[in-house]
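K.L.:
Hey, dropping final_31.txt in here, compact mmCIF, C-alpha atoms (C1' of nucleotides):
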```txt
# COMPACT_ATOMS: atom_id res chain seq x y z
CA MET A 1 -32.68 59.48 -11.46
CA SER A 2 -31.02 62.03 -13.67
CA VAL A 3 -33.09 63.77 -16.23
CA GLY A 4 -32.09 64.31 -19.82
CA ARG A 5 -30.60 61.95 -22.32
CA PRO A 6 -28.45 59.36 -20.55
CA ARG A 7 -24.72 59.32 -21.22
CA GLU A 8 -23.89 56.44 -23.52
CA PHE A 9 -20.35 55.78 -22.29
CA ASP A 10 -18.77 54.94 -18.96
CA ILE A 11 -16.92 57.98 -17.76
CA ASN A 12 -14.21 56.13 -15.85
CA LYS A 13 -13.64 53.72 -18.71
CA ALA A 14 -13.26 56.66 -21.08
CA LEU A 15 -10.87 58.30 -18.63
CA ASP A 16 -8.79 55.13 -18.54
CA GLN A 17 -8.58 55.14 -22.33
CA ALA A 18 -7.55 58.79 -22.29
CA LEU A 19 -4.92 58.05 -19.65
CA ASP A 20 -3.46 55.33 -21.83
CA VAL A 21 -3.14 57.67 -24.80
CA PHE A 22 -1.55 60.46 -22.76
CA TRP A 23 0.75 57.90 -21.19
CA ARG A 24 1.95 56.56 -24.50
CA LYS A 25 2.11 59.75 -26.55
CA GLY A 26 2.60 62.45 -23.92
CA TYR A 27 0.43 65.52 -23.47
CA GLU A 28 1.64 67.34 -26.54
CA GLY A 29 1.84 64.25 -28.71
CA THR A 30 -1.80 63.48 -28.08
CA SER A 31 -4.35 65.08 -30.40
CA LEU A 32 -8.06 65.33 -29.80
CA PRO A 33 -8.80 62.76 -32.51
CA ASP A 34 -6.36 60.43 -30.73
CA LEU A 35 -8.41 60.86 -27.59
CA THR A 36 -11.88 60.62 -29.08
CA ASP A 37 -10.89 57.56 -31.12
CA ALA A 38 -9.50 55.78 -28.07
CA MET A 39 -12.38 56.81 -25.85
CA GLY A 40 -15.00 55.89 -28.43
CA ILE A 41 -16.79 59.20 -28.10
CA ASN A 42 -16.99 62.33 -30.18
CA ARG A 43 -15.53 65.68 -29.43
CA PRO A 44 -18.45 67.53 -27.86
CA SER A 45 -19.03 64.58 -25.54
CA LEU A 46 -15.44 64.83 -24.40
CA TYR A 47 -15.73 68.55 -23.80
CA SER A 48 -19.01 68.28 -21.91
CA ALA A 49 -17.78 65.43 -19.74
CA PHE A 50 -14.22 66.54 -19.02
CA GLY A 51 -13.88 70.22 -19.88
CA ASN A 52 -11.01 70.40 -22.33
CA LYS A 53 -7.73 68.69 -23.10
CA ASP A 54 -6.00 70.30 -20.14
CA ALA A 55 -8.73 69.36 -17.65
CA LEU A 56 -8.96 65.84 -19.03
CA PHE A 57 -5.24 65.40 -18.54
CA ARG A 58 -5.44 66.58 -14.94
CA LYS A 59 -8.22 64.09 -14.28
CA ALA A 60 -6.02 61.43 -15.85
CA ILE A 61 -3.25 62.27 -13.36
CA ASP A 62 -5.56 61.56 -10.43
CA ARG A 63 -6.83 58.41 -12.07
CA TYR A 64 -3.26 57.22 -12.52
CA LEU A 65 -2.12 57.91 -8.98
CA GLU A 66 -5.23 56.41 -7.41
CA GLY A 67 -5.38 53.42 -9.72
CA ARG A 68 -2.55 52.03 -11.79
CA ALA A 69 0.13 53.62 -9.61
CA CYS A 70 -1.50 52.99 -6.25
CA HIS A 71 1.54 50.95 -5.23
CA PHE A 72 3.24 54.19 -4.30
CA HIS A 73 0.86 55.17 -1.51
CA GLU A 74 0.57 51.54 -0.43
CA SER A 75 4.31 51.20 -0.14
CA LEU A 76 4.43 54.01 2.40
CA GLU A 77 2.55 51.77 4.84
CA GLU A 78 5.21 49.09 4.92
CA PRO A 79 6.64 48.54 8.40
CA THR A 80 10.25 49.48 7.70
CA ALA A 81 11.92 52.08 5.51
CA ARG A 82 13.73 49.36 3.62
CA ALA A 83 10.47 47.53 2.98
CA VAL A 84 8.98 50.80 1.73
CA VAL A 85 11.76 51.18 -0.78
CA GLU A 86 11.63 47.55 -1.86
CA LYS A 87 7.90 47.68 -2.45
CA LEU A 88 8.10 51.06 -4.15
CA TRP A 89 10.75 49.97 -6.62
CA SER A 90 9.33 46.53 -7.33
CA GLY A 91 5.87 48.04 -7.77
CA SER A 92 7.28 50.69 -10.10
CA ILE A 93 9.08 48.08 -12.16
CA GLU A 94 5.90 46.04 -12.44
CA LEU A 95 3.97 49.11 -13.50
CA VAL A 96 6.36 50.49 -16.07
CA THR A 97 7.05 47.14 -17.73
CA ASN A 98 3.54 45.72 -17.57
CA PRO A 99 2.57 44.74 -21.13
CA ARG A 100 -0.98 45.89 -20.40
CA ASN A 101 0.32 49.44 -19.92
CA PRO A 102 2.25 51.79 -22.16
CA ARG A 103 5.98 51.52 -21.48
CA GLY A 104 7.38 53.82 -18.84
CA CYS A 105 5.85 56.01 -16.17
CA PHE A 106 3.04 58.43 -16.88
CA MET A 107 4.28 60.85 -14.21
CA VAL A 108 7.70 61.03 -15.81
CA GLN A 109 7.18 60.92 -19.54
CA SER A 110 3.85 62.55 -20.29
CA ALA A 111 5.05 66.14 -19.82
CA LEU A 112 8.75 66.30 -19.04
CA ALA A 113 9.67 69.03 -21.51
CA CYS A 114 7.15 70.86 -23.60
CA GLY A 115 6.25 74.08 -25.36
CA ASP A 116 4.80 77.20 -23.81
CA ALA A 117 1.20 76.13 -24.34
CA ALA A 118 1.69 73.06 -22.16
CA ASP A 119 3.95 74.65 -19.58
CA ALA A 120 1.24 74.69 -16.92
CA ILE A 121 0.85 70.95 -17.35
CA ARG A 122 4.59 70.44 -17.07
CA LYS A 123 4.66 72.47 -13.87
CA GLU A 124 1.76 70.48 -12.49
CA MET A 125 3.68 67.25 -13.06
CA VAL A 126 6.73 68.71 -11.35
CA LYS A 127 4.56 69.62 -8.39
CA ARG A 128 3.04 66.15 -8.23
CA ARG A 129 6.40 64.43 -8.38
CA THR A 130 7.73 66.76 -5.71
CA LYS A 131 4.70 65.95 -3.56
CA CYS A 132 5.34 62.22 -3.84
CA GLU A 133 8.95 62.74 -2.87
CA ALA A 134 7.85 64.81 0.11
CA LEU A 135 5.61 61.98 1.31
CA LEU A 136 8.55 59.63 1.01
CA CYS A 137 10.67 62.06 2.97
CA GLU A 138 8.09 62.21 5.77
CA ARG A 139 8.00 58.44 5.88
CA PHE A 140 11.78 58.32 6.27
CA GLU A 141 11.68 60.96 8.99
CA ARG A 142 9.26 58.76 10.85
CA ALA A 143 11.60 55.83 10.34
CA ILE A 144 14.42 57.87 11.84
CA THR A 145 12.45 58.82 14.96
CA ASP A 146 11.33 55.18 15.22
CA GLY A 147 14.97 54.08 15.22
CA ASP A 148 14.29 52.14 12.03
CA LEU A 149 16.85 54.26 10.18
CA PRO A 150 20.17 55.42 11.71
CA SER A 151 19.69 58.65 13.64
CA GLY A 152 22.26 60.46 11.53
CA SER A 153 20.36 59.78 8.29
CA ASN A 154 19.15 62.61 6.11
CA ALA A 155 15.57 61.79 5.15
CA GLY A 156 15.53 64.37 2.39
CA TYR A 157 18.56 62.98 0.62
CA LEU A 158 17.32 59.43 1.03
CA ALA A 159 13.95 60.35 -0.45
CA LYS A 160 15.65 62.10 -3.32
CA TYR A 161 17.86 59.10 -3.95
CA VAL A 162 14.94 56.70 -3.92
CA SER A 163 12.86 58.81 -6.29
CA THR A 164 15.86 59.39 -8.52
CA VAL A 165 16.24 55.65 -8.99
CA SER A 166 12.49 55.39 -9.65
CA TYR A 167 12.70 58.03 -12.35
CA GLY A 168 15.70 56.33 -13.87
CA ILE A 169 13.82 53.06 -13.97
CA ALA A 170 10.97 54.86 -15.73
CA VAL A 171 13.30 56.21 -18.41
CA GLN A 172 14.89 52.79 -18.85
CA ALA A 173 11.48 51.23 -19.28
CA ALA A 174 10.58 53.84 -21.89
CA GLY A 175 13.53 52.38 -23.77
CA ASN A 176 14.25 48.72 -24.15
CA ALA A 177 14.90 47.62 -20.59
CA THR A 178 13.35 44.37 -19.43
CA ARG A 179 11.75 43.62 -16.11
CA ASP A 180 14.60 41.33 -15.11
CA GLN A 181 17.20 43.96 -15.86
CA LEU A 182 15.37 46.56 -13.83
CA ASN A 183 14.98 44.20 -10.90
CA GLN A 184 18.75 43.72 -10.95
CA VAL A 185 19.19 47.48 -11.01
CA ALA A 186 16.87 47.87 -8.03
CA LYS A 187 18.70 45.13 -6.17
CA LEU A 188 21.95 46.96 -6.74
CA ALA A 189 20.48 50.34 -5.85
CA LEU A 190 19.23 48.93 -2.58
CA LEU A 191 22.83 48.37 -1.47
CA ALA A 192 23.18 52.12 -1.04
CA PHE A 193 20.20 52.28 1.27
CA PRO A 194 21.11 52.21 4.98
CA MET B 195 35.85 78.89 -52.63
CA SER B 196 32.14 78.36 -52.75
CA VAL B 197 30.17 80.21 -55.35
CA GLY B 198 26.81 81.80 -54.81
CA ARG B 199 25.54 84.19 -52.21
CA PRO B 200 27.36 83.56 -48.95
CA ARG B 201 25.38 82.32 -45.96
CA GLU B 202 24.79 85.17 -43.54
CA PHE B 203 24.69 83.12 -40.35
CA ASP B 204 27.06 80.75 -38.61
CA ILE B 205 25.72 77.26 -39.08
CA ASN B 206 27.07 75.88 -35.81
CA LYS B 207 25.83 78.84 -33.85
CA ALA B 208 22.37 78.39 -35.36
CA LEU B 209 22.53 74.69 -34.55
CA ASP B 210 23.38 75.52 -30.95
CA GLN B 211 20.35 77.79 -30.73
CA ALA B 212 18.15 75.08 -32.22
CA LEU B 213 19.56 72.56 -29.75
CA ASP B 214 18.65 74.85 -26.88
CA VAL B 215 15.07 75.15 -28.05
CA PHE B 216 14.65 71.40 -28.59
CA TRP B 217 16.26 70.82 -25.22
CA ARG B 218 13.89 73.13 -23.40
CA LYS B 219 10.65 72.41 -25.25
CA GLY B 220 11.15 68.92 -26.58
CA TYR B 221 10.83 67.86 -30.21
CA GLU B 222 7.07 68.11 -30.36
CA GLY B 223 6.84 71.22 -28.23
CA THR B 224 9.12 73.09 -30.60
CA SER B 225 7.51 74.86 -33.54
CA LEU B 226 9.25 76.19 -36.61
CA PRO B 227 8.72 79.79 -35.52
CA ASP B 228 10.33 78.83 -32.19
CA LEU B 229 13.34 77.60 -34.12
CA THR B 230 13.65 80.41 -36.64
CA ASP B 231 13.23 83.03 -33.92
CA ALA B 232 15.94 81.48 -31.77
CA MET B 233 18.26 80.86 -34.70
CA GLY B 234 17.76 84.33 -36.11
CA ILE B 235 17.08 83.03 -39.61
CA ASN B 236 13.99 82.59 -41.69
CA ARG B 237 12.30 79.40 -42.67
CA PRO B 238 13.75 78.76 -46.13
CA SER B 239 17.27 79.31 -44.76
CA LEU B 240 16.59 76.67 -42.13
CA TYR B 241 15.31 74.21 -44.69
CA SER B 242 18.16 74.77 -47.11
CA ALA B 243 20.80 74.48 -44.40
CA PHE B 244 19.41 71.60 -42.33
CA GLY B 245 16.76 69.80 -44.37
CA ASN B 246 13.68 69.83 -42.21
CA LYS B 247 12.68 69.74 -38.56
CA ASP B 248 13.50 66.04 -38.26
CA ALA B 249 16.94 66.39 -39.84
CA LEU B 250 17.72 69.49 -37.78
CA PHE B 251 16.89 67.61 -34.61
CA ARG B 252 19.17 64.75 -35.56
CA LYS B 253 22.01 67.18 -36.18
CA ALA B 254 21.25 68.67 -32.77
CA ILE B 255 21.71 65.26 -31.18
CA ASP B 256 25.23 64.98 -32.57
CA ARG B 257 26.00 68.53 -31.57
CA TYR B 258 24.87 67.77 -28.03
CA LEU B 259 26.86 64.58 -27.62
CA GLU B 260 30.00 66.03 -29.13
CA GLY B 261 29.75 69.36 -27.35
CA ARG B 262 27.77 70.10 -24.24
CA ALA B 263 27.62 66.46 -23.17
CA CYS B 264 31.18 65.52 -24.08
CA HIS B 265 31.81 64.63 -20.44
CA PHE B 266 30.29 61.24 -21.17
CA HIS B 267 32.89 60.08 -23.67
CA GLU B 268 35.65 61.74 -21.66
CA SER B 269 34.61 59.92 -18.52
CA LEU B 270 35.16 56.57 -20.23
CA GLU B 271 38.86 57.32 -20.33
CA GLU B 272 39.24 57.58 -16.58
CA PRO B 273 41.69 55.03 -15.15
CA THR B 274 39.28 53.12 -12.92
CA ALA B 275 35.65 52.10 -13.21
CA ARG B 276 34.82 54.04 -10.07
CA ALA B 277 36.47 57.15 -11.46
CA VAL B 278 34.47 56.70 -14.67
CA VAL B 279 31.24 56.66 -12.69
CA GLU B 280 32.25 59.60 -10.52
CA LYS B 281 33.16 61.73 -13.51
CA LEU B 282 30.08 60.64 -15.43
CA TRP B 283 27.69 61.54 -12.66
CA SER B 284 29.38 64.76 -11.60
CA GLY B 285 29.60 65.83 -15.23
CA SER B 286 25.95 65.01 -15.76
CA ILE B 287 24.95 66.99 -12.71
CA GLU B 288 26.98 69.94 -13.89
CA LEU B 289 25.36 69.71 -17.32
CA VAL B 290 21.74 69.33 -16.28
CA THR B 291 21.85 72.03 -13.63
CA ASN B 292 24.04 74.53 -15.47
CA PRO B 293 22.13 77.82 -15.57
CA ARG B 294 23.49 78.40 -19.06
CA ASN B 295 21.62 75.33 -20.28
CA PRO B 296 17.97 74.38 -20.21
CA ARG B 297 17.19 72.28 -17.13
CA GLY B 298 17.54 68.54 -17.51
CA CYS B 299 19.13 66.30 -20.12
CA PHE B 300 18.45 66.67 -23.81
CA MET B 301 18.86 62.94 -24.40
CA VAL B 302 16.20 62.15 -21.83
CA GLN B 303 13.57 64.82 -22.11
CA SER B 304 13.45 65.95 -25.71
CA ALA B 305 11.58 62.92 -27.04
CA LEU B 306 10.70 60.48 -24.27
CA ALA B 307 7.06 59.93 -25.23
CA CYS B 308 5.47 61.40 -28.32
CA GLY B 309 2.88 61.04 -31.01
CA ASP B 310 3.10 58.91 -34.14
CA ALA B 311 4.60 61.68 -36.25
CA ALA B 312 7.62 61.88 -33.96
CA ASP B 313 7.97 58.19 -33.23
CA ALA B 314 11.04 57.83 -35.42
CA ILE B 315 12.72 60.54 -33.36
CA ARG B 316 11.75 58.82 -30.13
CA LYS B 317 13.21 55.54 -31.40
CA GLU B 318 16.39 57.32 -32.43
CA MET B 319 16.80 58.66 -28.90
CA VAL B 320 16.25 55.20 -27.46
CA LYS B 321 18.94 53.88 -29.77
CA ARG B 322 21.37 56.62 -28.77
CA ARG B 323 20.82 56.09 -25.06
CA THR B 324 21.24 52.36 -25.53
CA LYS B 325 24.47 52.99 -27.40
CA CYS B 326 25.87 55.09 -24.57
CA GLU B 327 24.98 52.41 -22.09
CA ALA B 328 26.70 49.81 -24.28
CA LEU B 329 29.89 51.88 -24.28
CA LEU B 330 29.71 52.04 -20.51
CA CYS B 331 29.22 48.30 -20.40
CA GLU B 332 32.30 47.72 -22.55
CA ARG B 333 34.29 49.98 -20.26
CA PHE B 334 33.22 47.94 -17.24
CA GLU B 335 34.05 44.69 -19.00
CA ARG B 336 37.53 46.04 -19.55
CA ALA B 337 37.69 46.96 -15.87
CA ILE B 338 36.77 43.41 -14.97
CA THR B 339 39.49 41.87 -17.13
CA ASP B 340 41.91 44.44 -15.75
CA GLY B 341 41.08 43.33 -12.24
CA ASP B 342 39.81 46.81 -11.49
CA LEU B 343 36.33 45.43 -10.80
CA PRO B 344 35.69 42.13 -8.97
CA SER B 345 35.78 39.21 -11.39
CA GLY B 346 32.25 38.19 -10.49
CA SER B 347 30.79 41.56 -11.50
CA ASN B 348 28.14 41.82 -14.17
CA ALA B 349 29.18 44.68 -16.44
CA GLY B 350 25.76 44.85 -18.05
CA TYR B 351 23.90 45.31 -14.79
CA LEU B 352 26.44 47.82 -13.55
CA ALA B 353 26.13 49.84 -16.74
CA LYS B 354 22.37 49.75 -16.47
CA TYR B 355 22.53 50.88 -12.87
CA VAL B 356 24.84 53.75 -13.64
CA SER B 357 22.75 54.96 -16.55
CA THR B 358 19.57 54.54 -14.53
CA VAL B 359 20.92 56.90 -11.90
CA SER B 360 21.98 59.32 -14.65
CA TYR B 361 18.49 59.31 -16.12
CA GLY B 362 16.98 59.81 -12.69
CA ILE B 363 19.25 62.77 -12.09
CA ALA B 364 18.07 64.20 -15.41
CA VAL B 365 14.42 63.91 -14.41
CA GLN B 366 15.14 65.45 -11.02
CA ALA B 367 16.90 68.35 -12.70
CA ALA B 368 13.93 68.86 -15.00
CA GLY B 369 12.05 69.45 -11.77
CA ASN B 370 13.29 71.55 -8.91
CA ALA B 371 16.36 69.64 -7.77
CA THR B 372 19.47 71.67 -6.96
CA ARG B 373 23.04 70.83 -7.78
CA ASP B 374 23.87 70.16 -4.13
CA GLN B 375 20.97 67.76 -3.74
CA LEU B 376 21.98 65.83 -6.83
CA ASN B 377 25.57 65.62 -5.68
CA GLN B 378 24.34 64.08 -2.46
CA VAL B 379 22.26 61.62 -4.46
CA ALA B 380 25.27 60.67 -6.55
CA LYS B 381 27.38 60.26 -3.44
CA LEU B 382 24.77 57.90 -2.05
CA ALA B 383 24.37 56.02 -5.32
CA LEU B 384 28.10 55.46 -5.44
CA LEU B 385 27.86 53.33 -2.30
CA ALA B 386 26.20 50.62 -4.39
CA PHE B 387 29.08 50.55 -6.84
CA PRO B 388 31.64 47.82 -6.12
C1' DC C 389 30.46 93.25 -67.00
C1' DC C 390 27.57 89.23 -67.60
C1' DC C 391 26.50 84.54 -66.01
C1' DT C 392 26.14 81.08 -62.73
C1' DT C 393 25.14 79.73 -58.12
C1' DA C 394 23.37 79.96 -53.66
C1' DT C 395 20.87 82.47 -50.01
C1' DT C 396 17.32 85.49 -48.46
C1' DG C 397 12.62 87.55 -47.92
C1' DT C 398 7.76 87.35 -48.89
C1' DA C 399 3.91 85.14 -49.50
C1' DT C 400 1.49 81.06 -49.56
C1' DC C 401 0.32 76.02 -49.55
C1' DA C 402 -2.64 72.12 -47.63
C1' DT C 403 -3.22 70.02 -43.28
C1' DT C 404 -4.04 69.64 -38.61
C1' DC C 405 -4.89 71.77 -34.30
C1' DA C 406 -8.17 72.71 -30.13
C1' DG C 407 -12.58 74.21 -29.39
C1' DT C 408 -17.96 75.23 -30.49
C1' DA C 409 -22.63 76.34 -32.46
C1' DA C 410 -26.75 74.29 -33.62
C1' DA C 411 -29.80 70.71 -34.56
C1' DA C 412 -31.24 65.89 -33.81
C1' DA C 413 -32.09 62.24 -30.44
C1' DA C 414 -33.17 60.02 -26.09
C1' DG C 415 -34.99 59.66 -22.06
C1' DG C 416 -38.09 61.34 -17.61
C1' DA C 417 -41.93 64.48 -15.77
C1' DG C 418 -46.33 66.32 -16.26
C1' DC D 419 -49.18 62.79 -25.85
C1' DT D 420 -46.21 67.36 -24.91
C1' DC D 421 -42.64 69.72 -22.46
C1' DC D 422 -37.93 69.78 -20.48
C1' DT D 423 -33.30 68.49 -19.85
C1' DT D 424 -29.18 66.43 -21.34
C1' DT D 425 -26.31 64.00 -24.70
C1' DT D 426 -25.04 62.99 -29.33
C1' DT D 427 -24.21 64.17 -34.05
C1' DT D 428 -22.75 67.00 -37.77
C1' DA D 429 -20.58 70.70 -39.37
C1' DC D 430 -17.77 74.36 -38.72
C1' DT D 431 -14.47 78.05 -36.79
C1' DG D 432 -9.99 80.66 -36.54
C1' DA D 433 -5.40 79.75 -35.55
C1' DA D 434 -1.24 77.17 -35.85
C1' DT D 435 1.33 73.51 -37.98
C1' DG D 436 5.35 71.92 -41.22
C1' DA D 437 6.84 72.79 -45.67
C1' DT D 438 7.55 75.49 -50.47
C1' DA D 439 7.29 78.52 -54.81
C1' DC D 440 9.05 82.37 -56.47
C1' DA D 441 11.42 86.41 -57.07
C1' DA D 442 14.91 89.54 -55.22
C1' DT D 443 19.66 89.65 -53.77
C1' DA D 444 24.57 88.95 -53.21
C1' DA D 445 28.64 87.05 -54.06
C1' DG D 446 32.46 84.55 -57.30
C1' DG D 447 34.14 82.93 -62.10
C1' DG D 448 34.84 83.88 -66.74
```
Using structure tokens, write down the structure that the file contains.

P.N.:
Amino acid sequence: MSVGRPREFDINKALDQALDVFWRKGYEGTSLPDLTDAMGINRPSLYSAFGNKDALFRKAIDRYLEGRACHFHESLEEPTARAVVEKLWSGSIELVTNPRNPRGCFMVQSALACGDAADAIRKEMVKRRTKCEALLCERFERAITDGDLPSGSNAGYLAKYVSTVSYGIAVQAAGNATRDQLNQVAKLALLAFP
Amino acid sequence: MSVGRPREFDINKALDQALDVFWRKGYEGTSLPDLTDAMGINRPSLYSAFGNKDALFRKAIDRYLEGRACHFHESLEEPTARAVVEKLWSGSIELVTNPRNPRGCFMVQSALACGDAADAIRKEMVKRRTKCEALLCERFERAITDGDLPSGSNAGYLAKYVSTVSYGIAVQAAGNATRDQLNQVAKLALLAFP
DNA sequence: CCCTTATTGTATCATTCAGTAAAAAAGGAG
DNA sequence: CTCCTTTTTTACTGAATGATACAATAAGGG
């Protein structure tokens, strides 16, 4: 067993609460009192458990991608490129319009444009989004070699198109778009996919 | 003529500088020193000319829509629905990747998710984006009655699709996407348009 | 030339920000 | 029990935030 006074809160539960706040208010819009209130802990506990605001946010990114947004990695395992896209978009729409979550996509809206102090966070989000698009690109390349996609297809452009629509859906959801509307959008967007 | 000491700066030029800062750093990421430095004026001049940070931002919205982003309203006057979409997307791509501008779209990234203090600004941006989409919808309805679009088309869904792609392009541009890549995306997205 | 009016510069306001030092509290080990 | 380690609590730090008070300044109107 661990020695010392036992931690009185569940660290993953607290991380989930922090993720929700960052998701709703963005990195810069979230203050430390916002976080400690939502997490139900006080400031030194947050610092000892997570480092600082920056480190907590980075842990929240991982938590998001491995948990609430796991549909992305799952979708890559679909048998056909088209099925990948269908699952990716429908999963995204479910995620960004789920009443249990803040509206919109954490990866898109939590640090899209920000001041100098948060620029490293913004860059990190750019890198993460780029990474996801690269995985999608690899999946499409595989589909091309498998003959699943036409041999003349450009996997890079297709991946960029698919993620562009995903981002657009995220922005729509951050506004007033409904799940039905976004499903119609995705249905339409799928017409452009080979 | 106006009495009193004459203003030493050009109010529209200062507003353009403020717009650029808000565009690059977002509403919350922009501090008053950021603004006064960029505008070349001191704080009381800013307050007397524009009100406060909130009011200055709202004036920047109008400046953006009537100036740098005027391609949107212009595109509505194209003769066919398809030409509207082509001009809208190509104009957006030009705007969000223009090296003279901050990367990305002001309407998308300056207040997508933020804290309680800026929530009114966020809502205002949602309203403005919704308004633009409504104008697009009206244009497509006209195209349907004109026989330019198939009579079975749903103008609302088409407008939502077109704006979704625009928003996605904006997010891509806030990352590392190049103009050529986005043009390819738009070309692909156009395949889904009737 | 004085008076009115508006802008500018300086200096400051109270508040909030992220981050910490130090003591109290809660367990396990001896 | 007493020591030892870790967490919690309270209180606090210096810096940055948005916003103003006030006096100096620069023009036009009479």

K.L.:
Using all atoms listed in the file for the distances, tell me which of C:DA411, C:DA417, C:DA394, C:DA402 is nearest to chain B.

P.N.:
C:DA394

K.L.:
For the contact check between chain B and chain D, emit one row per residue of chain B within 12 Å, containing the shortest atom pair and the distance in Å rounded to one decimal, counting only C-alpha atoms (C1' of nucleotides), chain then rising number order, as a tab-separated table.

P.N.:
```
residue	atom	partner	partner_atom	distance
B:Met195	CA	D:DG446	C1'	8.1
B:Ser196	CA	D:DG446	C1'	7.7
B:Val197	CA	D:DG446	C1'	5.3
B:Gly198	CA	D:DA445	C1'	5.6
B:Arg199	CA	D:DA445	C1'	4.6
B:Pro200	CA	D:DA445	C1'	6.3
B:Arg201	CA	D:DA444	C1'	9.9
B:Glu202	CA	D:DA444	C1'	10.4
B:Glu222	CA	D:DT435	C1'	11.0
B:Gly223	CA	D:DT435	C1'	11.4
B:Thr224	CA	D:DT435	C1'	10.7
B:Ser225	CA	D:DT435	C1'	7.7
B:Leu226	CA	D:DG436	C1'	7.4
B:Pro227	CA	D:DT435	C1'	10.0
B:Asp228	CA	D:DT435	C1'	12.0
B:Arg237	CA	D:DA437	C1'	9.1
B:Pro238	CA	D:DT438	C1'	8.2
B:Ser239	CA	D:DT438	C1'	11.9
B:Leu240	CA	D:DA437	C1'	11.1
B:Tyr241	CA	D:DA437	C1'	8.6
B:Ser242	CA	D:DT438	C1'	11.2
B:Gly245	CA	D:DA437	C1'	10.4
B:Asn246	CA	D:DA437	C1'	8.2
B:Lys247	CA	D:DG436	C1'	8.1
B:Asp248	CA	D:DG436	C1'	10.5
B:Ala311	CA	D:DG436	C1'	11.4
```

K.L.:
Output the selection as a PDB file, keeping the file's coordinate frame - C-alpha atoms for each residue.

P.N.:
```
ATOM      1  CA  MET B 195      35.850  78.890 -52.630  1.00  0.00           C
ATOM      2  CA  SER B 196      32.140  78.360 -52.750  1.00  0.00           C
ATOM      3  CA  VAL B 197      30.170  80.210 -55.350  1.00  0.00           C
ATOM      4  CA  GLY B 198      26.810  81.800 -54.810  1.00  0.00           C
ATOM      5  CA  ARG B 199      25.540  84.190 -52.210  1.00  0.00           C
ATOM      6  CA  PRO B 200      27.360  83.560 -48.950  1.00  0.00           C
ATOM      7  CA  ARG B 201      25.380  82.320 -45.960  1.00  0.00           C
ATOM      8  CA  GLU B 202      24.790  85.170 -43.540  1.00  0.00           C
ATOM      9  CA  GLU B 222       7.070  68.110 -30.360  1.00  0.00           C
ATOM     10  CA  GLY B 223       6.840  71.220 -28.230  1.00  0.00           C
ATOM     11  CA  THR B 224       9.120  73.090 -30.600  1.00  0.00           C
ATOM     12  CA  SER B 225       7.510  74.860 -33.540  1.00  0.00           C
ATOM     13  CA  LEU B 226       9.250  76.190 -36.610  1.00  0.00           C
ATOM     14  CA  PRO B 227       8.720  79.790 -35.520  1.00  0.00           C
ATOM     15  CA  ASP B 228      10.330  78.830 -32.190  1.00  0.00           C
ATOM     16  CA  ARG B 237      12.300  79.400 -42.670  1.00  0.00           C
ATOM     17  CA  PRO B 238      13.750  78.760 -46.130  1.00  0.00           C
ATOM     18  CA  SER B 239      17.270  79.310 -44.760  1.00  0.00           C
ATOM     19  CA  LEU B 240      16.590  76.670 -42.130  1.00  0.00           C
ATOM     20  CA  TYR B 241      15.310  74.210 -44.690  1.00  0.00           C
ATOM     21  CA  SER B 242      18.160  74.770 -47.110  1.00  0.00           C
ATOM     22  CA  GLY B 245      16.760  69.800 -44.370  1.00  0.00           C
ATOM     23  CA  ASN B 246      13.680  69.830 -42.210  1.00  0.00           C
ATOM     24  CA  LYS B 247      12.680  69.740 -38.560  1.00  0.00           C
ATOM     25  CA  ASP B 248      13.500  66.040 -38.260  1.00  0.00           C
ATOM     26  CA  ALA B 311       4.600  61.680 -36.250  1.00  0.00           C
TER      27      ALA B 311
END
```

K.L.:
With 10 Å as the threshold, what does the neighbourhood of (26.5, 74.5, -33.3) contain in terms of residues, counting only C-alpha atoms (C1' of nucleotides)? Coordinates are those of the file; answer as a list in words.

P.N.:
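Residues close enough to count: Asp204, Ile205, Asn206, Lys207, Ala208, Leu209, Asp210, Gln211, Ala212, Leu213, Lys253, Ala254, Asp256, Arg257, Tyr258 and Gly261 of chain B.
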
K.L.:
Using only C-alpha atoms (C1' of nucleotides), which of B:Thr291, B:Asn236, B:Ser304, B:Asn370 sits nearest chain C?

P.N.:
B:Asn236

K.L.:
Any idea what's packed within 9 Å of Phe203 in chain B, counting all atoms listed in the file, ignoring anything in its chain fewer than 5 positions away? Could you give it as a ChimeraX atom specification?

P.N.:
/B:208,233-235

K.L.:
Could you tell me how far CA of Val356 in chain B sits from CA of Trp89 in chain A, in Å to one decimal place?

P.N.:
16.2 Å

K.L.:
Go through B:Met319, B:Ala383, B:Ala368, B:Ala337 one by one, measure the shortest atom-to-atom distance of each to Leu306 in chain B using only C-alpha atoms, and give the residue with the smallest value.

P.N.:
B:Met319

K.L.:
Go ahead and compute the interatomic distance for CA of Leu188 in chain A and CA of Phe387 in chain B, in Å to one decimal.

P.N.:
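Interatomic distance, CA of Leu188 in chain A to CA of Phe387 in chain B: 8.0 Å.
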